[in-house]
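Inspection log for the structure reproduced underneath, given as structure tokens.
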Amino acid sequence: MTITRLTTNQDLDAARLREAFGIFPSGVVAVAAEVDDQLVGLAASSFTSVSLEPALVSFSVANTSKTWPTLRRAAHLGLTILADHHGDVCRRLAGPVDHRFDDVPVSATGDGAVTLDEGLARFDCSIYREVEAGDHTIVILRLHAVEHSDTSLPLVFHRSAFGRLEASA
């Protein structure tokens, strides 16, 4: 067996890293809650399952986020896996705060977790732990309830754009 040596490239500027990271496609989630009688939410493309016992998931949020300091005050957070038709909703969740939920059907729990009605999967969560990691914070969430539907395909974020998967045979 021949092993080719990988040359080390020390040029780790942000633009090159963003381009390299963008090669890996990811799903997109909405994280939302009702805080002080207002709907607050953001979109994240860094969602992943963490553990089955206890049931944990995670996402990352930029330390510069203006939304996260408010959202993290909620007793419970709603997390929605976005469907392939949610591209506009995802852009809205990254836009002006006052219009993020315009014309978006949502549901809320008694604890304030807000989920999008047409999401592929919806979770009621609470913050389990936050871990500072460079210019982001990894937020680990404990799941309290889950509801899912497999009638649509997920929204995919790839190379800084939204796309969709092909239905498998």
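Letters for chains follow the order of the structure tokens (A, B, ...), residue numbers begin at 1 for each chain, and ligand numbers begin at 1 in the order shown.
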Using only C-alpha atoms, what table do you get, as CSV, when you list each residue of range 18-133 of chain A with an atom no more than 9 Å from range 148-159 of chain A, its nearest pair of atoms, and their distance in Å rounded to one decimal, rows by chain then rising number?
residue,atom,partner,partner_atom,distance
A:Arg18,CA,A:Arg159,CA,8.7
A:Glu19,CA,A:Arg159,CA,7.0
A:Ala20,CA,A:Arg159,CA,8.7
A:Phe21,CA,A:Arg159,CA,8.2
A:Gly22,CA,A:Arg159,CA,4.4
A:Ile23,CA,A:Arg159,CA,5.7
A:Phe24,CA,A:His158,CA,6.6
A:Pro25,CA,A:His158,CA,4.5
A:Ser26,CA,A:Phe157,CA,5.3
A:Gly27,CA,A:Val156,CA,4.7
A:Val28,CA,A:Leu155,CA,6.1
A:Val29,CA,A:Leu155,CA,8.7
A:Ser45,CA,A:Phe157,CA,6.9
A:Ile81,CA,A:Pro154,CA,7.3
A:Leu82,CA,A:Leu155,CA,5.6
A:Ala83,CA,A:Pro154,CA,4.2
A:Asp84,CA,A:Leu155,CA,3.8
A:His85,CA,A:Leu155,CA,7.0
A:His86,CA,A:Leu155,CA,6.7
A:Gly87,CA,A:Leu155,CA,7.0
A:Gly119,CA,A:Ser149,CA,7.9
A:Leu120,CA,A:Ser149,CA,5.3
A:Ala121,CA,A:His148,CA,4.0
A:Arg122,CA,A:His148,CA,6.2
A:Phe123,CA,A:His148,CA,8.7
Could you write out the selected residues, including C-alpha atoms, as a PDB file, in the first residue's frame?
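Written out: selection_32.pdb:
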ATOM      1  CA  ARG A  18     -15.540  29.101   4.912  1.00  0.00           C
ATOM      2  CA  GLU A  19     -15.074  27.779   1.371  1.00  0.00           C
ATOM      3  CA  ALA A  20     -13.658  24.475   2.601  1.00  0.00           C
ATOM      4  CA  PHE A  21     -16.330  24.042   5.292  1.00  0.00           C
ATOM      5  CA  GLY A  22     -19.022  24.837   2.700  1.00  0.00           C
ATOM      6  CA  ILE A  23     -18.130  21.704   0.756  1.00  0.00           C
ATOM      7  CA  PHE A  24     -19.877  19.681   3.452  1.00  0.00           C
ATOM      8  CA  PRO A  25     -23.674  19.956   3.061  1.00  0.00           C
ATOM      9  CA  SER A  26     -25.799  20.336   6.166  1.00  0.00           C
ATOM     10  CA  GLY A  27     -29.423  20.563   7.101  1.00  0.00           C
ATOM     11  CA  VAL A  28     -30.908  23.757   8.496  1.00  0.00           C
ATOM     12  CA  VAL A  29     -32.920  24.247  11.679  1.00  0.00           C
ATOM     13  CA  SER A  45     -26.893  25.053   9.754  1.00  0.00           C
ATOM     14  CA  ILE A  81     -35.747  20.823  11.005  1.00  0.00           C
ATOM     15  CA  LEU A  82     -36.596  22.866   7.915  1.00  0.00           C
ATOM     16  CA  ALA A  83     -38.070  21.310   4.771  1.00  0.00           C
ATOM     17  CA  ASP A  84     -36.838  21.986   1.243  1.00  0.00           C
ATOM     18  CA  HIS A  85     -39.584  24.586   0.704  1.00  0.00           C
ATOM     19  CA  HIS A  86     -38.368  26.693   3.673  1.00  0.00           C
ATOM     20  CA  GLY A  87     -35.604  28.622   1.863  1.00  0.00           C
ATOM     21  CA  GLY A 119     -41.161  21.409   9.722  1.00  0.00           C
ATOM     22  CA  LEU A 120     -39.887  17.904   9.101  1.00  0.00           C
ATOM     23  CA  ALA A 121     -39.207  17.357  12.790  1.00  0.00           C
ATOM     24  CA  ARG A 122     -40.029  19.539  15.773  1.00  0.00           C
ATOM     25  CA  PHE A 123     -38.397  19.348  19.180  1.00  0.00           C
TER      26      PHE A 123
END
Skip range 34-41 of chain A itself and residues of its chain fewer than 4 positions away, then list as a PyMOL selection string all residues within 10 Å of it, counting only C-alpha atoms. chain A and resi 30+67-68+70-79+92-94+97-101+106+108-115
Counting only C-alpha atoms, which residue out of A:Ser49, A:Val31, A:Arg16, A:Ser58 sits closest to Val139 in chain A?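 Looking only at the distances to Val139 in chain A, the closest residue turns out to be A:Ser58.
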DSSP alpha helix (DSSP H) residues within chain A, listed as a VMD selection string: chain A and resid 14 to 21 68 to 71 87 to 93
Pick from A:Leu12, A:Leu141, A:Leu52, A:Val61, whichever lies nearest to Tyr128 in chain A using only C-alpha atoms: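 Going through A:Leu12, A:Leu141, A:Leu52, A:Val61 one by one, the smallest distance to Tyr128 in chain A is for A:Leu141.
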Pairwise distance for CA of Ser65 in chain A and CA of Ala44 in chain A, rounded to one decimal in Å: 11.4 Å
Among chain A, which residues carry a DSSP assignment of strand (DSSP E or B), reported as a PDB file with N, CA and C atoms, in the first residue's frame?
ATOM      1  N   SER A  26     -25.150  20.530   4.871  1.00  0.00           N
ATOM      2  CA  SER A  26     -25.799  20.336   6.166  1.00  0.00           C
ATOM      3  C   SER A  26     -27.270  20.691   6.061  1.00  0.00           C
ATOM      4  N   GLY A  27     -28.032  20.168   6.984  1.00  0.00           N
ATOM      5  CA  GLY A  27     -29.423  20.563   7.101  1.00  0.00           C
ATOM      6  C   GLY A  27     -29.501  21.912   7.792  1.00  0.00           C
ATOM      7  N   VAL A  29     -31.874  24.248  10.654  1.00  0.00           N
ATOM      8  CA  VAL A  29     -32.920  24.247  11.679  1.00  0.00           C
ATOM      9  C   VAL A  29     -33.290  25.669  12.059  1.00  0.00           C
ATOM     10  N   ALA A  30     -34.505  25.813  12.524  1.00  0.00           N
ATOM     11  CA  ALA A  30     -34.949  27.055  13.149  1.00  0.00           C
ATOM     12  C   ALA A  30     -34.947  26.804  14.652  1.00  0.00           C
ATOM     13  N   VAL A  31     -34.415  27.750  15.408  1.00  0.00           N
ATOM     14  CA  VAL A  31     -34.426  27.692  16.869  1.00  0.00           C
ATOM     15  C   VAL A  31     -35.254  28.885  17.307  1.00  0.00           C
ATOM     16  N   ALA A  32     -36.337  28.638  18.052  1.00  0.00           N
ATOM     17  CA  ALA A  32     -37.253  29.744  18.365  1.00  0.00           C
ATOM     18  C   ALA A  32     -37.939  29.548  19.709  1.00  0.00           C
ATOM     19  N   ALA A  33     -38.373  30.678  20.270  1.00  0.00           N
ATOM     20  CA  ALA A  33     -39.096  30.673  21.538  1.00  0.00           C
ATOM     21  C   ALA A  33     -39.888  31.965  21.661  1.00  0.00           C
ATOM     22  N   GLU A  34     -40.782  31.946  22.603  1.00  0.00           N
ATOM     23  CA  GLU A  34     -41.505  33.161  22.962  1.00  0.00           C
ATOM     24  C   GLU A  34     -40.812  33.731  24.197  1.00  0.00           C
ATOM     25  N   VAL A  35     -40.280  34.942  24.053  1.00  0.00           N
ATOM     26  CA  VAL A  35     -39.548  35.591  25.142  1.00  0.00           C
ATOM     27  C   VAL A  35     -40.152  36.977  25.336  1.00  0.00           C
ATOM     28  N   GLN A  38     -42.747  38.016  22.846  1.00  0.00           N
ATOM     29  CA  GLN A  38     -42.291  38.227  21.468  1.00  0.00           C
ATOM     30  C   GLN A  38     -41.741  36.908  20.924  1.00  0.00           C
ATOM     31  N   LEU A  39     -41.986  36.664  19.628  1.00  0.00           N
ATOM     32  CA  LEU A  39     -41.374  35.511  18.977  1.00  0.00           C
ATOM     33  C   LEU A  39     -39.934  35.871  18.619  1.00  0.00           C
ATOM     34  N   VAL A  40     -39.015  35.021  19.036  1.00  0.00           N
ATOM     35  CA  VAL A  40     -37.589  35.250  18.800  1.00  0.00           C
ATOM     36  C   VAL A  40     -37.031  33.976  18.171  1.00  0.00           C
ATOM     37  N   GLY A  41     -36.231  34.127  17.111  1.00  0.00           N
ATOM     38  CA  GLY A  41     -35.690  32.927  16.492  1.00  0.00           C
ATOM     39  C   GLY A  41     -34.507  33.209  15.598  1.00  0.00           C
ATOM     40  N   LEU A  42     -33.827  32.138  15.241  1.00  0.00           N
ATOM     41  CA  LEU A  42     -32.684  32.211  14.339  1.00  0.00           C
ATOM     42  C   LEU A  42     -32.598  30.913  13.554  1.00  0.00           C
ATOM     43  N   ALA A  43     -31.818  30.930  12.491  1.00  0.00           N
ATOM     44  CA  ALA A  43     -31.566  29.732  11.689  1.00  0.00           C
ATOM     45  C   ALA A  43     -30.136  29.275  11.957  1.00  0.00           C
ATOM     46  N   ALA A  44     -29.934  27.964  11.966  1.00  0.00           N
ATOM     47  CA  ALA A  44     -28.601  27.407  12.185  1.00  0.00           C
ATOM     48  C   ALA A  44     -28.389  26.220  11.249  1.00  0.00           C
ATOM     49  N   THR A  48     -26.804  18.927  14.923  1.00  0.00           N
ATOM     50  CA  THR A  48     -26.436  17.512  14.910  1.00  0.00           C
ATOM     51  C   THR A  48     -27.020  16.805  16.132  1.00  0.00           C
ATOM     52  N   SER A  49     -27.256  15.515  15.976  1.00  0.00           N
ATOM     53  CA  SER A  49     -27.661  14.714  17.133  1.00  0.00           C
ATOM     54  C   SER A  49     -26.406  14.472  17.968  1.00  0.00           C
ATOM     55  N   VAL A  50     -26.581  14.356  19.272  1.00  0.00           N
ATOM     56  CA  VAL A  50     -25.443  14.172  20.169  1.00  0.00           C
ATOM     57  C   VAL A  50     -25.553  12.862  20.929  1.00  0.00           C
ATOM     58  N   SER A  51     -26.730  12.604  21.517  1.00  0.00           N
ATOM     59  CA  SER A  51     -26.872  11.446  22.401  1.00  0.00           C
ATOM     60  C   SER A  51     -28.321  10.973  22.407  1.00  0.00           C
ATOM     61  N   LEU A  56     -30.025  14.265  23.493  1.00  0.00           N
ATOM     62  CA  LEU A  56     -29.383  15.564  23.326  1.00  0.00           C
ATOM     63  C   LEU A  56     -29.123  15.840  21.850  1.00  0.00           C
ATOM     64  N   VAL A  57     -29.227  17.109  21.469  1.00  0.00           N
ATOM     65  CA  VAL A  57     -28.849  17.591  20.144  1.00  0.00           C
ATOM     66  C   VAL A  57     -28.023  18.855  20.353  1.00  0.00           C
ATOM     67  N   SER A  58     -27.408  19.352  19.262  1.00  0.00           N
ATOM     68  CA  SER A  58     -26.645  20.585  19.400  1.00  0.00           C
ATOM     69  C   SER A  58     -26.720  21.417  18.131  1.00  0.00           C
ATOM     70  N   PHE A  59     -26.391  22.683  18.286  1.00  0.00           N
ATOM     71  CA  PHE A  59     -26.179  23.597  17.170  1.00  0.00           C
ATOM     72  C   PHE A  59     -25.157  24.614  17.637  1.00  0.00           C
ATOM     73  N   SER A  60     -24.581  25.345  16.683  1.00  0.00           N
ATOM     74  CA  SER A  60     -23.609  26.380  17.027  1.00  0.00           C
ATOM     75  C   SER A  60     -24.166  27.738  16.648  1.00  0.00           C
ATOM     76  N   VAL A  61     -23.821  28.732  17.436  1.00  0.00           N
ATOM     77  CA  VAL A  61     -24.269  30.102  17.174  1.00  0.00           C
ATOM     78  C   VAL A  61     -23.060  31.031  17.306  1.00  0.00           C
ATOM     79  N   ALA A  62     -22.985  31.998  16.412  1.00  0.00           N
ATOM     80  CA  ALA A  62     -21.876  32.957  16.442  1.00  0.00           C
ATOM     81  C   ALA A  62     -21.921  33.766  17.733  1.00  0.00           C
ATOM     82  N   LEU A  77     -36.826  25.946  24.324  1.00  0.00           N
ATOM     83  CA  LEU A  77     -36.619  26.374  22.951  1.00  0.00           C
ATOM     84  C   LEU A  77     -37.278  25.359  22.029  1.00  0.00           C
ATOM     85  N   GLY A  78     -37.846  25.862  20.937  1.00  0.00           N
ATOM     86  CA  GLY A  78     -38.346  24.978  19.900  1.00  0.00           C
ATOM     87  C   GLY A  78     -37.289  24.864  18.823  1.00  0.00           C
ATOM     88  N   LEU A  79     -37.088  23.669  18.326  1.00  0.00           N
ATOM     89  CA  LEU A  79     -36.131  23.454  17.256  1.00  0.00           C
ATOM     90  C   LEU A  79     -36.872  22.732  16.136  1.00  0.00           C
ATOM     91  N   THR A  80     -36.810  23.284  14.925  1.00  0.00           N
ATOM     92  CA  THR A  80     -37.516  22.722  13.779  1.00  0.00           C
ATOM     93  C   THR A  80     -36.535  22.408  12.671  1.00  0.00           C
ATOM     94  N   ILE A  81     -36.540  21.166  12.184  1.00  0.00           N
ATOM     95  CA  ILE A  81     -35.747  20.823  11.005  1.00  0.00           C
ATOM     96  C   ILE A  81     -36.531  21.320   9.799  1.00  0.00           C
ATOM     97  N   ALA A  83     -37.813  22.074   5.992  1.00  0.00           N
ATOM     98  CA  ALA A  83     -38.070  21.310   4.771  1.00  0.00           C
ATOM     99  C   ALA A  83     -37.533  22.071   3.566  1.00  0.00           C
ATOM    100  N   VAL A 106     -46.762  28.916  13.114  1.00  0.00           N
ATOM    101  CA  VAL A 106     -45.982  28.356  14.214  1.00  0.00           C
ATOM    102  C   VAL A 106     -46.905  27.858  15.316  1.00  0.00           C
ATOM    103  N   SER A 107     -46.354  27.038  16.172  1.00  0.00           N
ATOM    104  CA  SER A 107     -47.033  26.569  17.375  1.00  0.00           C
ATOM    105  C   SER A 107     -46.107  26.809  18.551  1.00  0.00           C
ATOM    106  N   ALA A 108     -46.703  27.024  19.723  1.00  0.00           N
ATOM    107  CA  ALA A 108     -45.913  27.250  20.934  1.00  0.00           C
ATOM    108  C   ALA A 108     -46.387  26.324  22.043  1.00  0.00           C
ATOM    109  N   ALA A 113     -41.609  27.158  23.977  1.00  0.00           N
ATOM    110  CA  ALA A 113     -40.900  26.631  22.802  1.00  0.00           C
ATOM    111  C   ALA A 113     -41.760  26.877  21.575  1.00  0.00           C
ATOM    112  N   VAL A 114     -41.178  27.445  20.522  1.00  0.00           N
ATOM    113  CA  VAL A 114     -41.902  27.762  19.289  1.00  0.00           C
ATOM    114  C   VAL A 114     -41.323  26.920  18.154  1.00  0.00           C
ATOM    115  N   THR A 115     -42.202  26.239  17.418  1.00  0.00           N
ATOM    116  CA  THR A 115     -41.775  25.445  16.265  1.00  0.00           C
ATOM    117  C   THR A 115     -42.597  25.834  15.042  1.00  0.00           C
ATOM    118  N   LEU A 116     -42.014  25.612  13.868  1.00  0.00           N
ATOM    119  CA  LEU A 116     -42.710  25.880  12.609  1.00  0.00           C
ATOM    120  C   LEU A 116     -43.614  24.695  12.293  1.00  0.00           C
ATOM    121  N   ALA A 121     -39.219  17.848  11.418  1.00  0.00           N
ATOM    122  CA  ALA A 121     -39.207  17.357  12.790  1.00  0.00           C
ATOM    123  C   ALA A 121     -39.219  18.571  13.697  1.00  0.00           C
ATOM    124  N   ARG A 122     -39.918  18.430  14.822  1.00  0.00           N
ATOM    125  CA  ARG A 122     -40.029  19.539  15.773  1.00  0.00           C
ATOM    126  C   ARG A 122     -39.699  19.009  17.157  1.00  0.00           C
ATOM    127  N   PHE A 123     -38.863  19.764  17.854  1.00  0.00           N
ATOM    128  CA  PHE A 123     -38.397  19.348  19.180  1.00  0.00           C
ATOM    129  C   PHE A 123     -38.687  20.435  20.209  1.00  0.00           C
ATOM    130  N   ASP A 124     -39.072  20.013  21.373  1.00  0.00           N
ATOM    131  CA  ASP A 124     -39.180  20.895  22.535  1.00  0.00           C
ATOM    132  C   ASP A 124     -37.914  20.621  23.351  1.00  0.00           C
ATOM    133  N   CYS A 125     -37.113  21.666  23.604  1.00  0.00           N
ATOM    134  CA  CYS A 125     -35.798  21.491  24.219  1.00  0.00           C
ATOM    135  C   CYS A 125     -35.564  22.501  25.336  1.00  0.00           C
ATOM    136  N   SER A 126     -34.561  22.218  26.118  1.00  0.00           N
ATOM    137  CA  SER A 126     -34.036  23.218  27.053  1.00  0.00           C
ATOM    138  C   SER A 126     -32.512  23.152  26.977  1.00  0.00           C
ATOM    139  N   ILE A 127     -31.871  24.218  27.378  1.00  0.00           N
ATOM    140  CA  ILE A 127     -30.410  24.265  27.301  1.00  0.00           C
ATOM    141  C   ILE A 127     -29.812  23.322  28.340  1.00  0.00           C
ATOM    142  N   TYR A 128     -28.979  22.427  27.878  1.00  0.00           N
ATOM    143  CA  TYR A 128     -28.287  21.464  28.725  1.00  0.00           C
ATOM    144  C   TYR A 128     -26.902  22.004  29.095  1.00  0.00           C
ATOM    145  N   ARG A 129     -26.217  22.561  28.082  1.00  0.00           N
ATOM    146  CA  ARG A 129     -24.886  23.115  28.310  1.00  0.00           C
ATOM    147  C   ARG A 129     -24.508  24.015  27.142  1.00  0.00           C
ATOM    148  N   GLU A 130     -23.694  25.027  27.411  1.00  0.00           N
ATOM    149  CA  GLU A 130     -23.115  25.868  26.367  1.00  0.00           C
ATOM    150  C   GLU A 130     -21.598  25.760  26.491  1.00  0.00           C
ATOM    151  N   VAL A 131     -20.942  25.594  25.342  1.00  0.00           N
ATOM    152  CA  VAL A 131     -19.492  25.443  25.327  1.00  0.00           C
ATOM    153  C   VAL A 131     -18.915  26.488  24.386  1.00  0.00           C
ATOM    154  N   GLU A 132     -18.097  27.382  24.921  1.00  0.00           N
ATOM    155  CA  GLU A 132     -17.432  28.373  24.072  1.00  0.00           C
ATOM    156  C   GLU A 132     -16.415  27.658  23.212  1.00  0.00           C
ATOM    157  N   ALA A 133     -16.445  27.965  21.906  1.00  0.00           N
ATOM    158  CA  ALA A 133     -15.530  27.310  20.967  1.00  0.00           C
ATOM    159  C   ALA A 133     -15.122  28.330  19.909  1.00  0.00           C
ATOM    160  N   HIS A 136     -17.627  30.913  18.047  1.00  0.00           N
ATOM    161  CA  HIS A 136     -18.984  30.391  18.185  1.00  0.00           C
ATOM    162  C   HIS A 136     -19.176  29.786  19.575  1.00  0.00           C
ATOM    163  N   THR A 137     -20.423  29.546  19.912  1.00  0.00           N
ATOM    164  CA  THR A 137     -20.779  28.798  21.109  1.00  0.00           C
ATOM    165  C   THR A 137     -21.553  27.571  20.660  1.00  0.00           C
ATOM    166  N   ILE A 138     -21.145  26.404  21.151  1.00  0.00           N
ATOM    167  CA  ILE A 138     -21.874  25.169  20.878  1.00  0.00           C
ATOM    168  C   ILE A 138     -22.941  25.052  21.951  1.00  0.00           C
ATOM    169  N   VAL A 139     -24.192  24.984  21.513  1.00  0.00           N
ATOM    170  CA  VAL A 139     -25.318  24.890  22.433  1.00  0.00           C
ATOM    171  C   VAL A 139     -25.828  23.455  22.405  1.00  0.00           C
ATOM    172  N   ILE A 140     -25.767  22.794  23.536  1.00  0.00           N
ATOM    173  CA  ILE A 140     -26.275  21.427  23.658  1.00  0.00           C
ATOM    174  C   ILE A 140     -27.645  21.512  24.303  1.00  0.00           C
ATOM    175  N   LEU A 141     -28.628  20.900  23.649  1.00  0.00           N
ATOM    176  CA  LEU A 141     -30.015  20.964  24.099  1.00  0.00           C
ATOM    177  C   LEU A 141     -30.505  19.595  24.549  1.00  0.00           C
ATOM    178  N   ARG A 142     -31.246  19.588  25.652  1.00  0.00           N
ATOM    179  CA  ARG A 142     -31.910  18.365  26.127  1.00  0.00           C
ATOM    180  C   ARG A 142     -33.305  18.335  25.503  1.00  0.00           C
ATOM    181  N   LEU A 143     -33.668  17.201  24.925  1.00  0.00           N
ATOM    182  CA  LEU A 143     -34.982  17.062  24.300  1.00  0.00           C
ATOM    183  C   LEU A 143     -36.026  16.640  25.323  1.00  0.00           C
ATOM    184  N   HIS A 144     -37.199  17.269  25.218  1.00  0.00           N
ATOM    185  CA  HIS A 144     -38.323  16.916  26.081  1.00  0.00           C
ATOM    186  C   HIS A 144     -39.459  16.290  25.292  1.00  0.00           C
ATOM    187  N   ALA A 145     -39.568  16.620  24.007  1.00  0.00           N
ATOM    188  CA  ALA A 145     -40.616  16.059  23.157  1.00  0.00           C
ATOM    189  C   ALA A 145     -40.161  16.138  21.711  1.00  0.00           C
ATOM    190  N   VAL A 146     -40.667  15.223  20.894  1.00  0.00           N
ATOM    191  CA  VAL A 146     -40.335  15.204  19.473  1.00  0.00           C
ATOM    192  C   VAL A 146     -41.583  14.836  18.677  1.00  0.00           C
ATOM    193  N   GLU A 147     -41.677  15.433  17.512  1.00  0.00           N
ATOM    194  CA  GLU A 147     -42.748  15.121  16.569  1.00  0.00           C
ATOM    195  C   GLU A 147     -42.105  15.179  15.189  1.00  0.00           C
ATOM    196  N   HIS A 148     -42.387  14.196  14.336  1.00  0.00           N
ATOM    197  CA  HIS A 148     -41.771  14.239  13.013  1.00  0.00           C
ATOM    198  C   HIS A 148     -42.693  13.710  11.926  1.00  0.00           C
ATOM    199  N   PRO A 154     -35.445  17.527   3.317  1.00  0.00           N
ATOM    200  CA  PRO A 154     -34.883  18.617   4.114  1.00  0.00           C
ATOM    201  C   PRO A 154     -34.307  19.736   3.255  1.00  0.00           C
ATOM    202  N   LEU A 155     -34.287  20.934   3.823  1.00  0.00           N
ATOM    203  CA  LEU A 155     -33.561  22.050   3.242  1.00  0.00           C
ATOM    204  C   LEU A 155     -32.077  21.763   3.467  1.00  0.00           C
ATOM    205  N   VAL A 156     -31.266  21.951   2.437  1.00  0.00           N
ATOM    206  CA  VAL A 156     -29.837  21.666   2.524  1.00  0.00           C
ATOM    207  C   VAL A 156     -29.062  22.951   2.271  1.00  0.00           C
ATOM    208  N   PHE A 157     -28.057  23.202   3.115  1.00  0.00           N
ATOM    209  CA  PHE A 157     -27.168  24.343   2.944  1.00  0.00           C
ATOM    210  C   PHE A 157     -25.839  23.793   2.458  1.00  0.00           C
ATOM    211  N   HIS A 158     -25.418  24.254   1.254  1.00  0.00           N
ATOM    212  CA  HIS A 158     -24.201  23.736   0.639  1.00  0.00           C
ATOM    213  C   HIS A 158     -23.554  24.833  -0.191  1.00  0.00           C
ATOM    214  N   ALA A 161     -25.290  28.263  -0.218  1.00  0.00           N
ATOM    215  CA  ALA A 161     -26.583  28.386  -0.894  1.00  0.00           C
ATOM    216  C   ALA A 161     -27.501  27.260  -0.428  1.00  0.00           C
ATOM    217  N   PHE A 162     -28.801  27.453  -0.626  1.00  0.00           N
ATOM    218  CA  PHE A 162     -29.777  26.421  -0.280  1.00  0.00           C
ATOM    219  C   PHE A 162     -29.983  25.503  -1.468  1.00  0.00           C
ATOM    220  N   GLY A 163     -30.173  24.242  -1.176  1.00  0.00           N
ATOM    221  CA  GLY A 163     -30.424  23.253  -2.206  1.00  0.00           C
ATOM    222  C   GLY A 163     -31.383  22.201  -1.669  1.00  0.00           C
ATOM    223  N   ARG A 164     -31.525  21.139  -2.440  1.00  0.00           N
ATOM    224  CA  ARG A 164     -32.413  20.077  -2.005  1.00  0.00           C
ATOM    225  C   ARG A 164     -31.821  18.747  -2.411  1.00  0.00           C
TER     226      ARG A 164
END
